[in-house]
Each structure stands twice: as C-alpha cells, then as structure tokens.
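my_file_4.txt follows; it contains compact mmCIF, C-alpha atoms and all ligand atoms.
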# COMPACT_ATOMS: atom_id res chain seq x y z
CA MET A 1 -82.35 8.30 -16.61
CA ASP A 2 -82.76 11.99 -17.20
CA PRO A 3 -80.46 13.59 -14.63
CA GLY A 4 -83.09 16.30 -14.18
CA ASP A 5 -85.39 13.87 -12.43
CA GLN A 6 -84.39 14.07 -8.84
CA THR A 7 -85.32 10.62 -7.65
CA LEU A 8 -84.02 10.07 -4.17
CA GLY A 9 -83.18 6.67 -2.78
CA LEU A 10 -83.09 5.54 0.82
CA ASN A 11 -79.33 6.10 0.84
CA ASP A 12 -79.76 9.71 -0.24
CA PHE A 13 -81.95 10.43 2.74
CA GLY A 14 -79.35 8.69 4.88
CA HIS A 15 -76.93 11.51 4.06
CA TRP A 16 -79.32 14.24 5.20
CA LYS A 17 -78.93 15.90 8.55
CA VAL A 18 -81.61 15.24 11.19
CA GLU A 19 -82.65 18.88 11.02
CA ALA A 20 -83.25 18.63 7.26
CA LEU A 21 -85.22 15.38 7.65
CA LYS A 22 -87.44 17.00 10.25
CA ARG A 23 -88.07 19.98 8.01
CA PHE A 24 -88.87 17.70 5.08
CA LEU A 25 -91.41 15.78 7.20
CA SER A 26 -92.98 18.66 9.08
CA CYS A 27 -93.68 20.72 5.97
CA ARG A 28 -95.61 17.69 4.68
CA GLY A 29 -97.65 17.58 7.83
CA LEU A 30 -95.93 14.40 9.03
CA SER A 31 -94.57 13.58 12.45
CA SER A 32 -90.93 14.53 12.86
CA SER A 33 -90.25 12.68 16.10
CA GLY A 34 -88.18 9.54 16.34
CA ASN A 35 -84.57 8.55 15.91
CA LYS A 36 -82.61 9.26 12.73
CA GLU A 37 -83.31 5.83 11.19
CA GLU A 38 -87.04 6.31 11.67
CA LEU A 39 -86.91 9.81 10.19
CA ILE A 40 -84.96 8.53 7.18
CA ALA A 41 -87.48 5.72 6.59
CA LEU A 42 -90.44 8.07 6.94
CA ALA A 43 -88.92 10.73 4.67
CA PHE A 44 -88.12 8.11 2.04
CA ALA A 45 -91.67 6.73 2.26
CA ALA A 46 -93.13 10.23 1.90
CA HIS A 47 -90.91 10.89 -1.12
CA THR A 48 -91.83 7.55 -2.74
CA MET A 49 -95.52 8.20 -2.16
CA LYS A 50 -95.04 11.69 -3.64
CA ILE A 51 -96.61 13.40 -0.65
CA PRO A 52 -96.37 17.07 -1.61
CA PRO A 53 -95.32 19.78 0.83
CA LYS A 54 -98.19 21.92 2.07
CA GLN A 55 -98.09 25.16 0.18
CA SER A 56 -98.44 27.39 3.22
CA ALA A 57 -95.84 25.41 5.13
CA LEU A 58 -93.44 25.61 2.19
CA GLU A 59 -93.88 29.35 1.89
CA LYS A 60 -93.35 29.76 5.59
CA GLN A 61 -90.32 27.53 5.36
CA ILE A 62 -88.77 29.65 2.64
CA SER A 63 -89.35 32.98 4.34
CA ASN A 64 -88.56 32.02 7.93
CA ASN A 65 -86.13 29.25 7.61
CA ASP A 66 -82.78 29.87 9.22
CA THR A 67 -81.04 27.51 6.89
CA TYR A 68 -82.27 29.40 3.88
CA THR A 69 -81.43 32.75 5.46
CA ASN A 70 -77.93 31.51 6.20
CA LEU A 71 -77.40 30.64 2.56
CA LEU A 72 -77.77 34.33 1.83
CA LYS A 73 -75.34 35.53 4.47
CA ILE A 74 -71.99 35.65 2.76
CA SER A 75 -69.05 36.96 4.82
CA GLN A 76 -71.13 39.44 6.84
CA THR A 77 -73.04 40.51 3.74
CA LYS A 78 -76.75 39.83 3.70
CA LEU A 79 -77.90 39.27 0.16
CA PRO A 80 -81.46 39.54 -1.12
CA ASP A 81 -83.41 36.35 -1.77
CA PRO A 82 -83.04 35.57 -5.49
CA LEU A 83 -86.46 33.86 -5.42
CA GLN A 84 -87.93 37.22 -4.41
CA LEU A 85 -86.00 39.32 -6.92
CA TYR A 86 -88.25 40.06 -9.87
CA GLU A 87 -86.28 42.66 -11.78
CA ASN A 88 -82.87 43.17 -13.35
CA TRP A 89 -82.29 39.56 -14.32
CA GLN A 90 -80.27 39.36 -17.52
CA ASP A 91 -80.94 36.56 -19.99
CA GLU A 92 -78.09 34.59 -21.57
CA LYS A 93 -77.71 36.99 -24.47
CA GLN A 94 -77.22 39.98 -22.18
CA GLY A 95 -75.81 38.34 -19.11
CA MET A 96 -73.41 35.64 -20.24
CA ARG A 97 -70.47 37.99 -20.62
CA HIS A 98 -70.85 38.85 -16.93
CA TRP A 99 -70.96 35.26 -15.75
CA PRO A 100 -68.28 34.67 -13.13
CA PRO A 101 -65.26 32.54 -14.03
CA ILE A 102 -66.44 29.24 -12.58
CA PHE A 103 -64.09 26.46 -13.60
CA ILE A 104 -63.79 22.82 -12.62
CA THR A 105 -61.63 23.67 -9.61
CA ASP A 106 -64.39 25.89 -8.15
CA LEU A 107 -66.99 23.29 -8.96
CA THR A 108 -65.01 20.48 -7.34
CA LYS A 109 -64.33 22.54 -4.22
CA PHE A 110 -68.01 23.38 -3.86
CA LEU A 111 -69.34 19.88 -4.53
CA MET A 112 -66.83 18.27 -2.18
CA SER A 113 -67.67 20.62 0.66
CA TYR A 114 -71.45 20.77 0.32
CA GLU A 115 -72.49 17.42 -1.06
CA SER A 116 -72.40 14.03 0.52
CA GLU A 117 -69.34 12.09 -0.58
CA ASP A 118 -71.41 9.77 -2.79
CA THR A 119 -73.26 12.57 -4.58
CA ALA A 120 -70.08 14.58 -5.12
CA LYS A 121 -68.38 11.50 -6.56
CA GLN A 122 -71.34 10.83 -8.81
CA HIS A 123 -71.35 14.39 -10.16
CA LEU A 124 -67.59 14.59 -10.58
CA ASN A 125 -67.55 11.22 -12.27
CA GLN A 126 -70.19 12.39 -14.75
CA TYR A 127 -67.90 15.34 -15.46
CA LYS A 128 -64.82 13.15 -15.80
CA ILE A 129 -66.38 10.79 -18.31
CA GLY A 130 -67.71 13.72 -20.33
CA LYS A 131 -71.36 13.28 -19.44
CA ALA A 132 -71.77 16.56 -17.55
CA TYR A 133 -73.29 18.09 -20.67
CA GLN A 134 -76.32 15.80 -20.21
CA TYR A 135 -77.06 17.86 -17.13
CA PHE A 136 -77.69 20.95 -19.17
CA LYS A 137 -78.10 19.89 -22.79
CA SER A 138 -81.21 17.90 -22.10
CA GLU A 139 -84.42 19.84 -22.18
CA TRP A 140 -84.91 20.21 -18.47
CA LEU A 141 -82.44 22.97 -17.64
CA LYS A 142 -83.87 26.19 -18.99
CA GLU A 143 -82.16 29.48 -19.74
CA VAL A 144 -79.68 30.73 -17.15
CA TYR A 145 -80.32 34.23 -15.82
CA TYR A 146 -77.70 36.48 -14.24
CA HIS A 147 -78.31 39.01 -11.48
CA PRO A 148 -75.56 41.42 -10.38
CA VAL A 149 -77.31 42.15 -7.01
CA ASP A 150 -76.10 45.72 -7.45
CA ARG A 151 -73.10 47.32 -9.10
CA ALA A 152 -71.05 47.50 -5.93
CA SER A 153 -71.81 43.96 -4.80
CA LEU A 154 -68.97 41.47 -4.76
CA TYR A 155 -71.47 38.69 -5.39
CA CYS A 156 -73.93 37.74 -8.08
CA PHE A 157 -76.66 35.18 -8.66
CA LEU A 158 -77.24 32.73 -11.47
CA ARG A 159 -80.65 31.15 -11.68
CA ALA A 160 -82.41 28.64 -13.91
CA LYS A 161 -85.71 26.87 -14.04
CA CYS A 162 -85.68 23.11 -14.25
CA THR A 163 -88.48 21.00 -15.62
CA PRO A 164 -88.09 17.27 -15.21
CA SER A 165 -88.88 15.90 -18.66
CA GLN A 166 -90.04 12.49 -17.58
CA SER A 167 -92.06 13.47 -14.54
CA LEU A 168 -94.75 15.55 -16.12
CA ARG A 169 -96.69 15.71 -12.90
CA SER A 170 -93.74 17.25 -11.07
CA ASP A 171 -93.59 20.98 -10.73
CA ALA A 172 -90.78 23.02 -12.24
CA HIS A 173 -87.99 23.77 -9.81
CA THR A 174 -85.79 26.81 -9.58
CA ALA A 175 -82.10 26.42 -8.81
CA TRP A 176 -79.80 29.29 -7.96
CA ILE A 177 -76.14 29.70 -7.16
CA CYS A 178 -74.38 32.62 -5.55
CA CYS A 179 -70.75 33.32 -6.34
CA GLU A 180 -68.08 35.94 -6.19
CA LYS A 181 -68.12 38.00 -9.38
CA VAL A 182 -64.37 38.30 -9.80
CA SER A 183 -63.05 34.93 -8.63
CA GLY A 184 -65.96 32.62 -9.49
CA ASP A 185 -65.79 31.20 -5.98
CA ILE A 186 -69.14 29.50 -5.33
CA LYS A 187 -70.58 30.65 -2.01
CA SER A 188 -73.95 28.93 -1.81
CA ALA A 189 -76.64 27.26 -3.83
CA TYR A 190 -80.25 26.27 -3.46
CA CYS A 191 -83.00 24.51 -5.35
CA THR A 192 -86.71 24.37 -4.68
CA CYS A 193 -86.74 20.61 -5.24
CA THR A 194 -86.85 18.31 -2.22
CA ALA A 195 -83.08 17.99 -2.02
CA GLY A 196 -82.52 21.73 -2.24
CA TYR A 197 -81.49 22.44 1.32
CA GLU A 198 -78.69 19.94 1.07
CA GLN A 199 -77.41 21.78 -2.02
CA THR A 200 -76.91 18.38 -3.58
CA CYS A 201 -79.45 18.13 -6.35
CA ASN A 202 -78.82 17.51 -10.02
CA HIS A 203 -80.41 20.85 -10.88
CA VAL A 204 -77.72 22.80 -9.03
CA ALA A 205 -75.06 20.52 -10.55
CA GLY A 206 -76.56 21.09 -14.01
CA LEU A 207 -76.48 24.85 -13.53
CA LEU A 208 -72.85 24.71 -12.38
CA PHE A 209 -71.86 22.46 -15.27
CA ARG A 210 -73.54 24.84 -17.72
CA VAL A 211 -71.63 27.87 -16.41
CA GLU A 212 -68.36 25.95 -16.27
CA TYR A 213 -68.85 24.86 -19.88
CA ALA A 214 -69.53 28.42 -21.06
CA ASN A 215 -66.32 29.58 -19.36
CA LYS A 216 -64.30 26.71 -20.75
CA MET A 217 -65.53 27.47 -24.26
CA GLY A 218 -64.72 31.18 -23.87
CA TYR A 219 -68.36 32.24 -24.29
CA THR A 220 -68.40 34.33 -21.15
CA SER A 221 -65.84 36.86 -22.36
CA CYS A 222 -66.30 36.69 -26.12
CA THR A 223 -70.00 36.69 -26.86
CA SER A 224 -70.61 40.37 -27.40
CA SER A 225 -67.22 41.57 -28.51
CA LYS A 226 -64.45 40.24 -30.66
CA CYS A 227 -62.07 37.84 -28.93
CA GLU A 228 -59.07 39.77 -27.73
CA TRP A 229 -56.83 36.78 -27.46
CA VAL A 230 -55.52 34.93 -30.47
CA VAL A 231 -56.53 31.33 -30.85
CA PRO A 232 -53.46 29.28 -31.77
CA LYS A 233 -53.86 28.08 -35.34
CA GLU A 234 -53.30 24.48 -36.23
CA LYS A 235 -50.56 24.17 -38.80
CA SER A 236 -51.27 21.68 -41.50
CA LEU A 237 -48.45 19.20 -41.81
CA GLU A 238 -47.65 17.43 -45.01
CA PRO A 239 -45.31 14.45 -45.33
CA ALA A 240 -42.04 15.31 -47.07
CA MET A 241 -38.80 13.64 -47.98
CA ILE A 242 -35.99 14.48 -45.59
CA LYS A 243 -33.81 15.75 -48.44
CA ASP A 244 -36.40 18.46 -49.12
CA MET A 245 -36.56 19.67 -45.54
CA THR A 246 -35.10 22.96 -44.30
CA PHE A 247 -33.75 22.83 -40.79
CA GLU A 248 -34.24 25.87 -38.64
CA ARG A 249 -33.23 26.79 -35.14
CA SER A 250 -36.06 26.22 -32.73
CA GLN A 251 -34.51 28.73 -30.33
CA HIS A 252 -36.80 31.61 -29.53
CA GLY A 253 -36.00 34.79 -31.42
CA LYS A 254 -33.67 33.27 -33.97
CA ALA A 255 -34.51 31.98 -37.39
CA GLY A 256 -32.73 30.76 -40.50
CA ILE A 257 -30.70 27.79 -41.50
CA ASP A 258 -28.82 26.16 -38.73
CA ILE A 259 -25.46 25.03 -40.02
CA ASP A 260 -25.12 22.25 -37.44
CA ALA A 261 -28.58 20.95 -38.13
CA SER A 262 -27.87 21.08 -41.84
CA GLN A 263 -24.84 18.90 -41.27
CA GLY A 264 -27.05 16.65 -39.16
CA ARG A 265 -29.39 16.30 -42.11
CA GLU A 266 -26.63 14.80 -44.22
CA GLU A 267 -25.86 12.31 -41.48
CA VAL A 268 -29.52 11.32 -41.19
CA GLN A 269 -29.77 11.00 -44.95
CA GLN A 270 -26.74 8.74 -44.94
CA VAL A 271 -28.29 6.49 -42.27
CA LEU A 272 -31.54 6.31 -44.20
CA GLU A 273 -29.74 5.31 -47.37
CA GLU A 274 -27.94 2.57 -45.50
CA GLN A 275 -31.22 1.31 -44.01
CA PRO A 276 -33.76 1.48 -46.83
CA ASP A 277 -36.53 -0.09 -44.70
CA ILE A 278 -36.88 2.98 -42.50
CA ASP A 279 -40.00 4.97 -43.36
CA GLN A 280 -38.78 8.18 -44.97
CA GLY A 281 -42.08 10.00 -44.66
CA ILE A 282 -41.17 12.72 -42.21
CA TYR A 283 -43.46 15.55 -41.28
CA THR A 284 -42.48 19.09 -41.89
CA GLU A 285 -44.31 22.39 -42.10
ZN ZN B 301 -83.09 20.51 -7.44

In structure tokens, how does this file's structure come out?
Amino acid sequence: MDPGDQTLGLNDFGHWKVEALKRFLSCRGLSSSGNKEELIALAFAAHTMKIPPKQSALEKQISNNDTYTNLLKISQTKLPDPLQLYENWQDEKQGMRHWPPIFITDLTKFLMSYESEDTAKQHLNQYKIGKAYQYFKSEWLKEVYYHPVDRASLYCFLRAKCTPSQSLRSDAHTAWICCEKVSGDIKSAYCTCTAGYEQTCNHVAGLLFRVEYANKMGYTSCTSSKCEWVVPKEKSLEPAMIKDMTFERSQHGKAGIDIDASQGREEVQQVLEEQPDIDQGIYTE
C-alpha cells in the first residue's frame, strides 16, 4: 500500500480522543453524542463511506479551533498559521540549507509523545527496516518548503503537499511541522487529512523522514557551498605477502618502522613457515 494513502481502521479511531472524534463527526454534520465506543463506530463508518467534511465547517474548524491554535503556541510564543502564510516560503533549492537538524532522535521523541503507541511503532519500524524512504520517495510527497517565520524567530516551519497516488478522488493534503531552528527539536505538526489533529498521519511522518534523510546525507549544510568537513576516504587494500609488509607504529603522532614489530614479523613468518596451511594473504595498505 502506498503509505501516502491514509486509510484509517477501526483501531485507529480507537486511539483518538473523544474530543477529536466529536470534531470529526460534527464537521461532517453528524451527531456527536454517545459514548466513546459509539463515537468510534460512527467516525469509522463516516470515514469508510467517505463522507466529506462540510467546507464551511472545516474552515471554521481551522480558524476557531482551540486545538489548532494550541499547536501554534510554542513556549509562550504565538506563531502565525502556516496554512495562512502565502509569502516567503523557500523551495528546496533555496531553503534546504536552512532546514533544522532533525535526526532520528528528534523524530523518535516526537512520534513517541504525539502518536498512539501502535502508530509510533509502525513508523519507527518502517524506519528501522529501511522503508522510511517509501514515505517520501513515492510520488505523493511533494516538494518541501521552508519558512523562517522571521529572522529573529527561534522556530521555523516546513510544509509539503501530499497527493495520495492511489486515491485519485481524494484531495491533496498539506502537512506542516514546526521546529526549533537551532536544535531541530520538533514542537508540533499538523496535516489537513482526517488524522491531522492527532499528528499521527503518514504525511507528517513522510515529511519528517524526508528532512531527517536530508540531514543524514549532509544535504542541509552542503548544498549551496562546498563541504567544509573532510569525508574520510576509503583506503583500497590489496592482499600482500607478510614478508613484503612494513610494520609501523599505530600510535598517534609517531611514524616509521617499529623495531619491536619488525622483530614480531620474523616470528610470524617463522610460524607461517612451520604451518604451511595458514592462508598467507594478509591485507596491507
Ligand atoms: Zn495527513
């Protein structure tokens, strides 16, 4: 399955908070009264039947919703809504070098604290078995845009559009994450897909995986200027006979023939001559 297709099962709705279930139902014009089990069943049925949210209700939800507003309150700072910011977004070519240093530790911390245990495990397992790239290499995650909020802001936004490839009838979603510029600490995330308020959808995970990958590969600091750090070169090793080897001290700061090691070589040679079956192909520089 394309991980961009956010298909929710009954269990997924089971992890939602009552408040989120009620919001999901009411913005579709459905009754939001009943106990949690009833709300879960109704929400799942509405999702399965693809009952769309009412446009006006959705708009109202985005602008007035406390949950959404709270996502933008970071340590006493009230940030602008990235869905309402229309200027100063930098595309990958311009913006990637400013991307915050999000690494797997930040990603794990965020997923574990914001996702249900099952979803976090699923995402982290995809990462562990090397399948995280499917979350951003497949067609559905579009270009990632960076927004610095303003020059003095400690926080920034990363945003991407997501188009589920297999659900052509589904609308494109927009996922965003907010993080600290310097540390890469992920503060909040949101997606316009149905699971967005729970911050648990594959679109947010895909966006995080994409940024983590760029950091891991060194793209975020090296795209526009020459790398300032030296990549360790692989030395090519050729097999050689032990009698042809030169022994050197491996101690830092000293070089040259080590007398003791040289004596050791003769001893090794002697042993090898006594035991002709031992493979004499030894690697040296
Ligand atoms: Zn989503």

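Shortest separation to Glu212 in chain A among A:Ile104, A:Cys162, A:Cys193, A:Met112 occurs at residue A:Ile104, atoms counted being all atoms listed in the file.
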
| task | May I have the protein, DNA and RNA residues with any atom at most 8 Å from the point (-62.8, 33.0, -10.6), counting all atoms listed in the file, written as a PyMOL selection string? | result | chain A and resi 100-103+106+180-185

| request: Choose the residue, out of A:Thr7, A:Cys27, A:Asn70, A:Lys54, that has the smallest atom-to-atom separation from ligand ZN 301 (chain B); count only C-alpha atoms and all ligand atoms. | output: A:Thr7

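We find CA of Leu111 in chain A and CA of Gly206 in chain A to be spaced 12.0 Å apart.
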
| Counting only C-alpha atoms and all ligand atoms, the residue of A:Gln90, A:Leu207, A:Ala214, A:Ala175 that sits nearest ligand ZN 301 (chain B) | A:Ala175

| query | Between A:Asn65, A:Asn215, A:Thr174, A:Thr220, which one has atoms that come closest to ligand ZN 301 (chain B), using all atoms listed in the file? | reply | A:Thr174

| In Å, with one decimal, what is the gap from CA of Asn11 in chain A to CA of Ala41 in chain A? | 10.0 Å

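Proximity ranking of A:Leu208, A:Tyr213, A:His173, A:Lys161 relative to ligand ZN 301 (chain B) places A:His173 first, based on all atoms listed in the file.
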
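Close to (-84.6, 15.0, 8.0), meaning no more than 9 Å away when counting only C-alpha atoms, sit the residues A:Phe13, A:Gly14, A:Trp16, A:Lys17, A:Val18, A:Glu19, A:Ala20, A:Leu21, A:Lys22, A:Arg23, A:Phe24, A:Leu25, A:Ser32, A:Lys36, A:Leu39, A:Ile40, A:Ala43.
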
Need the axis-aligned box for range 86-92 of chain A with 3 Å each side, so what are the centre and edges in Å to one decimal, as JSON?
{"center_x": -83.2, "center_y": 38.9, "center_z": -15.7, "size_x": 16.2, "size_y": 14.6, "size_z": 17.7}

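Distances to ligand ZN 301 (chain B) were evaluated for A:Ala205, A:Cys191, A:Met49, A:Leu30 using only C-alpha atoms and all ligand atoms, and the minimum falls at A:Cys191.
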
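Rounded to one decimal, CA of Lys187 in chain A and CA of Ala120 in chain A lie 16.4 Å from each other.
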
Could you add N, CA and C atoms to range 24-43 of chain A and give me the result as a PDB file, in the coordinates of the input?
ATOM      1  N   PHE A  24     -88.237  18.375   6.215  1.00  0.00           N
ATOM      2  CA  PHE A  24     -88.870  17.700   5.080  1.00  0.00           C
ATOM      3  C   PHE A  24     -90.201  17.085   5.518  1.00  0.00           C
ATOM      4  N   LEU A  25     -90.200  16.457   6.701  1.00  0.00           N
ATOM      5  CA  LEU A  25     -91.410  15.780   7.200  1.00  0.00           C
ATOM      6  C   LEU A  25     -92.453  16.780   7.686  1.00  0.00           C
ATOM      7  N   SER A  26     -91.994  17.760   8.472  1.00  0.00           N
ATOM      8  CA  SER A  26     -92.980  18.660   9.080  1.00  0.00           C
ATOM      9  C   SER A  26     -93.685  19.511   8.029  1.00  0.00           C
ATOM     10  N   CYS A  27     -92.986  19.889   6.968  1.00  0.00           N
ATOM     11  CA  CYS A  27     -93.680  20.720   5.970  1.00  0.00           C
ATOM     12  C   CYS A  27     -94.640  19.885   5.127  1.00  0.00           C
ATOM     13  N   ARG A  28     -94.603  18.554   5.328  1.00  0.00           N
ATOM     14  CA  ARG A  28     -95.610  17.690   4.680  1.00  0.00           C
ATOM     15  C   ARG A  28     -96.685  17.252   5.678  1.00  0.00           C
ATOM     16  N   GLY A  29     -96.645  17.884   6.821  1.00  0.00           N
ATOM     17  CA  GLY A  29     -97.650  17.580   7.830  1.00  0.00           C
ATOM     18  C   GLY A  29     -97.431  16.233   8.507  1.00  0.00           C
ATOM     19  N   LEU A  30     -96.201  15.718   8.435  1.00  0.00           N
ATOM     20  CA  LEU A  30     -95.930  14.400   9.030  1.00  0.00           C
ATOM     21  C   LEU A  30     -95.166  14.565  10.345  1.00  0.00           C
ATOM     22  N   SER A  31     -95.245  13.527  11.154  1.00  0.00           N
ATOM     23  CA  SER A  31     -94.570  13.580  12.450  1.00  0.00           C
ATOM     24  C   SER A  31     -93.044  13.608  12.246  1.00  0.00           C
ATOM     25  N   SER A  32     -92.390  14.463  13.005  1.00  0.00           N
ATOM     26  CA  SER A  32     -90.930  14.530  12.860  1.00  0.00           C
ATOM     27  C   SER A  32     -90.240  14.079  14.148  1.00  0.00           C
ATOM     28  N   SER A  33     -90.916  13.209  14.898  1.00  0.00           N
ATOM     29  CA  SER A  33     -90.250  12.680  16.100  1.00  0.00           C
ATOM     30  C   SER A  33     -89.754  11.259  15.806  1.00  0.00           C
ATOM     31  N   GLY A  34     -88.764  10.864  16.549  1.00  0.00           N
ATOM     32  CA  GLY A  34     -88.180   9.540  16.340  1.00  0.00           C
ATOM     33  C   GLY A  34     -86.688   9.641  16.157  1.00  0.00           C
ATOM     34  N   ASN A  35     -86.024   8.494  16.101  1.00  0.00           N
ATOM     35  CA  ASN A  35     -84.570   8.550  15.910  1.00  0.00           C
ATOM     36  C   ASN A  35     -84.256   8.728  14.422  1.00  0.00           C
ATOM     37  N   LYS A  36     -82.979   8.905  14.115  1.00  0.00           N
ATOM     38  CA  LYS A  36     -82.610   9.260  12.730  1.00  0.00           C
ATOM     39  C   LYS A  36     -83.071   8.190  11.729  1.00  0.00           C
ATOM     40  N   GLU A  37     -82.914   6.909  12.094  1.00  0.00           N
ATOM     41  CA  GLU A  37     -83.310   5.830  11.190  1.00  0.00           C
ATOM     42  C   GLU A  37     -84.804   5.908  10.852  1.00  0.00           C
ATOM     43  N   GLU A  38     -85.590   6.212  11.890  1.00  0.00           N
ATOM     44  CA  GLU A  38     -87.040   6.310  11.670  1.00  0.00           C
ATOM     45  C   GLU A  38     -87.378   7.509  10.765  1.00  0.00           C
ATOM     46  N   LEU A  39     -86.660   8.606  11.002  1.00  0.00           N
ATOM     47  CA  LEU A  39     -86.910   9.810  10.190  1.00  0.00           C
ATOM     48  C   LEU A  39     -86.528   9.556   8.729  1.00  0.00           C
ATOM     49  N   ILE A  40     -85.412   8.850   8.544  1.00  0.00           N
ATOM     50  CA  ILE A  40     -84.960   8.530   7.180  1.00  0.00           C
ATOM     51  C   ILE A  40     -86.028   7.679   6.480  1.00  0.00           C
ATOM     52  N   ALA A  41     -86.500   6.635   7.179  1.00  0.00           N
ATOM     53  CA  ALA A  41     -87.480   5.720   6.590  1.00  0.00           C
ATOM     54  C   ALA A  41     -88.775   6.457   6.248  1.00  0.00           C
ATOM     55  N   LEU A  42     -89.192   7.345   7.155  1.00  0.00           N
ATOM     56  CA  LEU A  42     -90.440   8.070   6.940  1.00  0.00           C
ATOM     57  C   LEU A  42     -90.303   9.064   5.782  1.00  0.00           C
ATOM     58  N   ALA A  43     -89.157   9.752   5.749  1.00  0.00           N
ATOM     59  CA  ALA A  43     -88.920  10.730   4.670  1.00  0.00           C
ATOM     60  C   ALA A  43     -88.876  10.019   3.321  1.00  0.00           C
TER      61      ALA A  43
END
